[in-house]
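Asker: One structure, as structure tokens, below. Some questions next.
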Amino acid sequence: MSHKPANDDAMYHLAASGIAAVVNFPLWRASAIAQSGFKLEGSNMMVRYYKAVVQPPYRGVLATMLGMTWARAAIFFGSDIGKDYMKKHGYYGPLAQTVPPFLIGTFVQIANMPLVRATITIQDPSSTMNSVSEALVHIYKTKGISGLWHGVSAGIMKTVPKYITAVAVKDYMEEKLPRADPADKQSNMVRSGIKSVTAGLAGAILTNPLDVIRNEMFKTDLSLKGSFQKLVREEGAAFMTRGMTSNMTAVAFPVAMTIFVTDMLLQGKDRLAK
């Protein structure tokens with residue numbers, strides 16, 4: 001079932017993004033810890049992963065979920081509306097496909113950067129800070145206002161390509177997958193599932209190295225170049241796969257879930273309208 005973007009779709013995107021953010025927080029937490037290289041106590045990998053995902057304290061939960069919710073909703077909804085707008089004004093192909101997620105993704109990353117840095121910082125098990133506000137104040141007092149946006153370059157390099165890729169794959173799959181009978185809910189669910197998982201995986205795999213660099217910048221306060229050189233010196237090319245398993249779940253899963261739940265909500269809306 002193909003859905004034509006409409007201005008009132010925003011609340012459906014917001015709802016889907018919110019559901020994905022709530023479900024995803026433990027996985028995001030594990031990914032942040034793994035990619036930042038924070039140390040966890042434990043006799044084996046399973047024990048350490050359990051501590052990263054399940055064991056309290058849960059710091060910055062509400063701020064993280066709200067940040068994820070508005071960011072993904074803005075990118076996916078804005079990309080749909082932006083692509084439709086550009087096509088109406090004669091812009092097609094790669095330009096219409098990439099410009100909206102590029103612009104919106106860049107804006108979202110810059111706006112969310114202080115929140116992102118603070119929430120990742122307090123996931124360090126050894127951190128004495130227990131809240132996002134405490135982390136923001138600490139960063140401001142020790143690093144100045146610019147410290148709140150430290151890592152924004154790596155964040156943009158990671159986030160923007162991820163969502164450009166995810167949106168492009170989503171739209172490509174929407175066009176190429178066989179159409180399902182609008183009345184066949186199960187077939188539409190399967191079709192949306194294939195599209196969503198493919199888009200989520202593509203975005204996560206492509207940008208894992210940039211995630212690692214960004215988190216290294218947060219941890220060490222080094223520049224983009226300095227963090228990259230440190231990672232290469234200490235880990236070689238292996239740094240590119242640091243935290244890949246956690247990232248596959250923490251990035252691919254919420255993106256896929258956001259796309260899938262949005263599809264289900266919009267398809268339900270279209271059915272009710274008939």
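Residues in the structure tokens are named by chain (A, B, ... in the order shown) and by number from 1 within that chain; ligands are numbered from 1 in the order shown.
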Report the closest atom pair, with its distance in Å rounded to one decimal, for each residue of stretch 49-116 of chain A that has an atom no farther than 12 Å from stretch 159-165 of chain A; count only C-alpha atoms, sort by chain and then rising residue number, and write it as a tab-separated table.
Answerer:
residue	atom	partner	partner_atom	distance
A:Ala71	CA	A:Thr159	CA	10.6
A:Arg72	CA	A:Tyr163	CA	8.9
A:Ala73	CA	A:Tyr163	CA	11.6
A:Ala74	CA	A:Tyr163	CA	11.2
A:Ile75	CA	A:Tyr163	CA	7.6
A:Phe76	CA	A:Tyr163	CA	8.3
A:Phe77	CA	A:Tyr163	CA	11.9
A:Gly78	CA	A:Tyr163	CA	11.6
A:Ser79	CA	A:Ile164	CA	9.0
A:Asp80	CA	A:Ile164	CA	11.7
A:Lys83	CA	A:Ile164	CA	11.9
A:Pro94	CA	A:Ile164	CA	10.5
A:Leu95	CA	A:Ile164	CA	11.3
A:Ala96	CA	A:Ile164	CA	11.2
A:Gln97	CA	A:Ile164	CA	7.9
A:Thr98	CA	A:Ile164	CA	6.0
A:Val99	CA	A:Ile164	CA	8.6
A:Pro100	CA	A:Ile164	CA	8.6
A:Pro101	CA	A:Ile164	CA	5.5
A:Phe102	CA	A:Val160	CA	5.8
A:Leu103	CA	A:Val160	CA	8.4
A:Ile104	CA	A:Val160	CA	8.5
A:Gly105	CA	A:Val160	CA	5.2
A:Thr106	CA	A:Val160	CA	6.2
A:Phe107	CA	A:Val160	CA	9.6
A:Val108	CA	A:Thr159	CA	9.2
A:Gln109	CA	A:Thr159	CA	7.1
A:Ile110	CA	A:Thr159	CA	10.5
A:Asn112	CA	A:Thr159	CA	11.3
A:Met113	CA	A:Thr159	CA	11.2
A:Val116	CA	A:Thr159	CA	11.9
Asker: Quote the spacing between atom CA of A:Val137 and atom CA of A:Met68 in Å to one decimal place.
Answerer: 21.3 Å
Asker: Residues at most 6 Å from A:Ala252, counting only C-alpha atoms, excluding those fewer than 4 positions away in the same chain, as a list in words?
Answerer: Gly200, Leu201, Ala204, Met248 and Ala256 of chain A
Asker: Find the residue from A:Asp124, A:Glu216, A:Asp211, A:Asp8 that sits nearest to A:Ala250; use only C-alpha atoms when measuring.
Answerer: A:Asp211
